[in-house]
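Enquirer: One file: data00.cif (mmCIF, C-alpha atoms; chains and numbers go by the auth columns).
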```
data_my_file
loop_
_atom_site.group_PDB
_atom_site.id
_atom_site.type_symbol
_atom_site.label_atom_id
_atom_site.label_comp_id
_atom_site.label_asym_id
_atom_site.label_seq_id
_atom_site.Cartn_x
_atom_site.Cartn_y
_atom_site.Cartn_z
_atom_site.B_iso_or_equiv
_atom_site.auth_seq_id
_atom_site.auth_asym_id
ATOM 1 C CA MET A 1 97.505 229.231 240.751 0.00 1 W
ATOM 2 C CA ASP A 2 100.235 226.725 239.977 0.00 2 W
ATOM 3 C CA GLU A 3 102.867 225.758 242.503 0.00 3 W
ATOM 4 C CA LYS A 4 105.972 227.587 241.399 0.00 4 W
ATOM 5 C CA THR A 5 108.603 229.920 242.707 0.00 5 W
ATOM 6 C CA ILE A 6 107.143 233.377 243.002 0.00 6 W
ATOM 7 C CA THR A 7 109.315 236.157 241.712 0.00 7 W
ATOM 8 C CA PHE A 8 109.110 239.824 242.626 0.00 8 W
ATOM 9 C CA ASN A 9 107.133 240.456 239.436 0.00 9 W
ATOM 10 C CA ASP A 10 104.589 237.764 240.429 0.00 10 W
ATOM 11 C CA ILE A 11 103.791 239.312 243.818 0.00 11 W
ATOM 12 C CA PRO A 12 100.816 241.457 242.665 0.00 12 W
ATOM 13 C CA GLU A 13 99.154 238.473 240.960 0.00 13 W
ATOM 14 C CA ALA A 14 99.880 236.221 243.938 0.00 14 W
ATOM 15 C CA MET A 15 98.459 238.779 246.372 0.00 15 W
ATOM 16 C CA ASN A 16 95.328 239.183 244.254 0.00 16 W
ATOM 17 C CA TYR A 17 94.905 235.399 244.251 0.00 17 W
ATOM 18 C CA LEU A 18 95.305 235.209 248.041 0.00 18 W
ATOM 19 C CA ILE A 19 92.919 238.097 248.670 0.00 19 W
ATOM 20 C CA THR A 20 90.295 236.492 246.442 0.00 20 W
ATOM 21 C CA LYS A 21 90.640 233.177 248.277 0.00 21 W
ATOM 22 C CA MET A 22 90.441 234.886 251.686 0.00 22 W
ATOM 23 C CA ASN A 23 87.287 236.759 250.634 0.00 23 W
ATOM 24 C CA ASP A 24 85.736 233.488 249.477 0.00 24 W
ATOM 25 C CA LEU A 25 86.577 231.838 252.801 0.00 25 W
ATOM 26 C CA GLU A 26 85.211 234.763 254.803 0.00 26 W
ATOM 27 C CA GLU A 27 81.953 234.608 252.871 0.00 27 W
ATOM 28 C CA MET A 28 81.672 230.853 253.450 0.00 28 W
ATOM 29 C CA ILE A 29 82.243 231.344 257.181 0.00 29 W
ATOM 30 C CA ARG A 30 79.810 234.252 257.369 0.00 30 W
ATOM 31 C CA THR A 31 77.002 232.338 255.661 0.00 31 W
ATOM 32 C CA SER A 32 77.567 229.099 257.587 0.00 32 W
ATOM 33 C CA ALA A 33 77.726 230.876 260.965 0.00 33 W
ATOM 34 C CA PHE A 34 74.087 231.953 260.709 0.00 34 W
ATOM 35 C CA GLN A 35 72.666 228.644 259.545 0.00 35 W
ATOM 36 C CA GLN A 36 70.559 226.919 262.159 0.00 36 W
ATOM 37 C CA PRO A 37 71.137 223.198 262.547 0.00 37 W
ATOM 38 C CA ASP A 38 68.523 221.060 260.866 0.00 38 W
ATOM 39 C CA GLN A 39 66.166 219.457 263.357 0.00 39 W
ATOM 40 C CA ASN A 40 67.151 216.065 261.909 0.00 40 W
ATOM 41 C CA ASP A 41 70.817 216.686 262.800 0.00 41 W
ATOM 42 C CA TRP A 42 70.057 216.365 266.524 0.00 42 W
ATOM 43 C CA PHE A 43 69.597 213.190 268.557 0.00 43 W
ATOM 44 C CA ASN A 44 66.874 212.996 271.127 0.00 44 W
ATOM 45 C CA LEU A 45 67.905 211.566 274.491 0.00 45 W
ATOM 46 C CA GLU A 46 66.997 207.974 273.658 0.00 46 W
ATOM 47 C CA GLU A 47 68.698 208.118 270.250 0.00 47 W
ATOM 48 C CA LEU A 48 71.875 209.482 271.814 0.00 48 W
ATOM 49 C CA CYS A 49 71.961 206.748 274.446 0.00 49 W
ATOM 50 C CA ASP A 50 71.464 204.110 271.733 0.00 50 W
ATOM 51 C CA TYR A 51 74.066 205.703 269.442 0.00 51 W
ATOM 52 C CA LEU A 52 76.914 205.884 271.954 0.00 52 W
ATOM 53 C CA PRO A 53 78.930 202.632 272.157 0.00 53 W
ATOM 54 C CA ASP A 54 78.834 202.355 275.970 0.00 54 W
ATOM 55 C CA ARG A 55 75.026 202.919 276.054 0.00 55 W
ATOM 56 C CA PRO A 56 75.012 205.461 278.906 0.00 56 W
ATOM 57 C CA ALA A 57 71.989 205.843 281.148 0.00 57 W
ATOM 58 C CA LYS A 58 69.751 208.867 280.597 0.00 58 W
ATOM 59 C CA GLN A 59 70.870 210.262 283.957 0.00 59 W
ATOM 60 C CA THR A 60 74.506 210.111 282.770 0.00 60 W
ATOM 61 C CA VAL A 61 73.648 212.161 279.692 0.00 61 W
ATOM 62 C CA TYR A 62 71.735 214.662 281.832 0.00 62 W
ATOM 63 C CA SER A 63 74.859 214.939 283.983 0.00 63 W
ATOM 64 C CA TRP A 64 77.034 215.621 280.900 0.00 64 W
ATOM 65 C CA VAL A 65 74.615 218.339 279.811 0.00 65 W
ATOM 66 C CA ASN A 66 74.607 219.878 283.290 0.00 66 W
ATOM 67 C CA GLN A 67 78.438 219.889 283.295 0.00 67 W
ATOM 68 C CA LYS A 68 78.408 221.418 279.791 0.00 68 W
ATOM 69 C CA LYS A 69 80.424 218.495 278.439 0.00 69 W
ATOM 70 C CA ILE A 70 78.088 218.106 275.455 0.00 70 W
ATOM 71 C CA PRO A 71 76.021 220.641 273.493 0.00 71 W
ATOM 72 C CA TYR A 72 72.251 220.405 273.610 0.00 72 W
ATOM 73 C CA THR A 73 69.104 222.115 272.501 0.00 73 W
ATOM 74 C CA ARG A 74 65.525 221.957 273.650 0.00 74 W
ATOM 75 C CA ARG A 75 62.865 221.737 270.990 0.00 75 W
ATOM 76 C CA GLY A 76 61.195 225.072 270.437 0.00 76 W
ATOM 77 C CA ARG A 77 63.774 226.980 272.479 0.00 77 W
ATOM 78 C CA SER A 78 67.097 228.653 271.886 0.00 78 W
ATOM 79 C CA SER A 79 70.097 226.339 271.732 0.00 79 W
ATOM 80 C CA SER A 80 72.594 226.127 274.581 0.00 80 W
ATOM 81 C CA SER A 81 76.101 224.811 274.666 0.00 81 W
#
```
Could the structure of this file be written out as C-alpha coordinates, please?
Expert:
Amino acid sequence: MDEKTITFNDIPEAMNYLITKMNDLEEMIRTSAFQQPDQNDWFNLEELCDYLPDRPAKQTVYSWVNQKKIPYTRRGRSSSS
(Lines of atoms letter the chains of each structure in order from A and count residues from 1; the text may use other names and numbers.)
(Lines give C-alpha, C1' and ligand atoms only; values in the text may rest on other atoms or scores of the structure.)
Protein backbone atom coordinates (compact mmCIF):
# COMPACT_ATOMS: atom_id res chain seq x y z
CA MET A 1 0.00 0.00 0.00
CA ASP A 2 1.39 3.39 -0.95
CA GLU A 3 2.08 6.08 1.60
CA LYS A 4 -0.76 8.53 1.20
CA THR A 5 -3.42 10.28 3.19
CA ILE A 6 -6.16 7.83 4.00
CA THR A 7 -9.66 9.11 3.50
CA PHE A 8 -12.82 7.76 5.07
CA ASN A 9 -13.53 5.82 1.88
CA ASP A 10 -10.07 4.17 2.06
CA ILE A 11 -10.56 2.80 5.59
CA PRO A 12 -11.95 -0.63 4.57
CA GLU A 13 -9.06 -1.24 2.15
CA ALA A 14 -6.52 0.01 4.70
CA MET A 15 -7.98 -2.22 7.42
CA ASN A 16 -7.91 -5.23 5.11
CA TYR A 17 -4.26 -4.49 4.33
CA LEU A 18 -3.38 -4.21 8.04
CA ILE A 19 -5.26 -7.38 8.96
CA THR A 20 -3.48 -9.30 6.20
CA LYS A 21 -0.09 -8.05 7.39
CA MET A 22 -0.90 -8.89 11.02
CA ASN A 23 -1.96 -12.42 10.03
CA ASP A 24 1.29 -12.86 8.11
CA LEU A 25 3.30 -11.70 11.12
CA GLU A 26 1.39 -13.97 13.50
CA GLU A 27 2.06 -16.94 11.25
CA MET A 28 5.77 -16.09 11.06
CA ILE A 29 5.95 -15.85 14.85
CA ARG A 30 3.97 -19.06 15.34
CA THR A 31 6.20 -21.08 13.02
CA SER A 32 9.47 -19.64 14.33
CA ALA A 33 8.49 -20.17 17.99
CA PHE A 34 8.48 -23.95 17.56
CA GLN A 35 11.73 -24.25 15.64
CA GLN A 36 14.51 -25.85 17.64
CA PRO A 37 17.90 -24.18 17.37
CA ASP A 38 20.28 -25.95 15.04
CA GLN A 39 22.99 -27.82 16.92
CA ASN A 40 25.56 -25.79 14.96
CA ASP A 41 24.12 -22.53 16.33
CA TRP A 42 25.44 -23.31 19.82
CA PHE A 43 28.97 -22.87 21.15
CA ASN A 44 30.49 -25.51 23.33
CA LEU A 45 32.25 -24.23 26.45
CA GLU A 46 35.68 -23.98 24.85
CA GLU A 47 34.33 -22.26 21.73
CA LEU A 48 32.48 -19.71 23.85
CA CYS A 49 35.57 -18.91 25.90
CA ASP A 50 37.59 -18.47 22.69
CA TYR A 51 34.86 -16.38 21.03
CA LEU A 52 34.41 -13.83 23.81
CA PRO A 53 36.91 -10.93 23.60
CA ASP A 54 38.02 -11.10 27.25
CA ARG A 55 38.60 -14.90 27.05
CA PRO A 56 36.85 -15.80 30.32
CA ALA A 57 37.84 -18.89 32.27
CA LYS A 58 35.55 -21.91 32.08
CA GLN A 59 34.64 -21.41 35.74
CA THR A 60 33.48 -17.85 34.93
CA VAL A 61 31.16 -19.16 32.23
CA TYR A 62 29.83 -21.83 34.60
CA SER A 63 29.14 -19.03 37.08
CA TRP A 64 27.21 -17.04 34.43
CA VAL A 65 25.14 -20.12 33.64
CA ASN A 66 24.45 -20.74 37.33
CA GLN A 67 23.34 -17.09 37.73
CA LYS A 68 21.17 -17.44 34.61
CA LYS A 69 23.03 -14.58 32.93
CA ILE A 70 23.42 -16.56 29.70
CA PRO A 71 21.23 -19.22 28.06
CA TYR A 72 22.56 -22.74 27.74
CA THR A 73 21.63 -26.21 26.66
CA ARG A 74 23.05 -29.61 27.38
CA ARG A 75 23.45 -31.97 24.46
CA GLY A 76 20.70 -34.55 24.39
CA ARG A 77 18.62 -32.75 27.02
CA SER A 78 15.97 -30.07 27.11
CA SER A 79 17.24 -26.51 26.83
CA SER A 80 17.33 -24.19 29.82
CA SER A 81 17.56 -20.45 30.02
Enquirer: Calculated over only C-alpha atoms, which of the candidates W:Asn23, W:Asn9, W:Asn16, W:Thr73 has the smallest distance to W:Leu45?
Expert: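 Closest to W:Leu45 of all the choices is W:Thr73.
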Enquirer: Quick one: 3 Å padding each side, axis-aligned, all listed atoms of stretch 16-31 of chain W - centre and edge lengths in Å to one decimal, as JSON?
Expert:
```
{"center_x": 86.2, "center_y": 235.0, "center_z": 250.8, "size_x": 24.3, "size_y": 14.3, "size_z": 19.1}
```
Enquirer: Can you find the residues with an atom no farther than 12 Å from (96.3, 228.0, 246.7), counting all atoms listed in the file, and report them as a list of chain:residue names?
Expert: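 Result, sorted by chain then residue number: W:Met1, W:Asp2, W:Glu3, W:Lys4, W:Ala14, W:Met15, W:Asn16, W:Tyr17, W:Leu18, W:Ile19, W:Thr20, W:Lys21, W:Met22.
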Enquirer: For atom CA of W:Ala57 and atom CA of W:Tyr72, quote the distance in Å rounded to one decimal.
Expert: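 Computing it gives 16.4 Å between the two atoms.
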Enquirer: Could you tell me how far atom CA of W:Glu47 sits from atom CA of W:Lys68, in Å to one decimal place?
Expert: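 Taking atom CA of W:Lys68 as the start and atom CA of W:Glu47 as the end point, the length is 19.0 Å.
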Enquirer: Would you mind reading off the distance between atom CA of W:Tyr62 and atom CA of W:Asp41, one decimal, in Å?
Expert: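 Going from atom CA of W:Tyr62 over to atom CA of W:Asp41, I get 19.2 Å.
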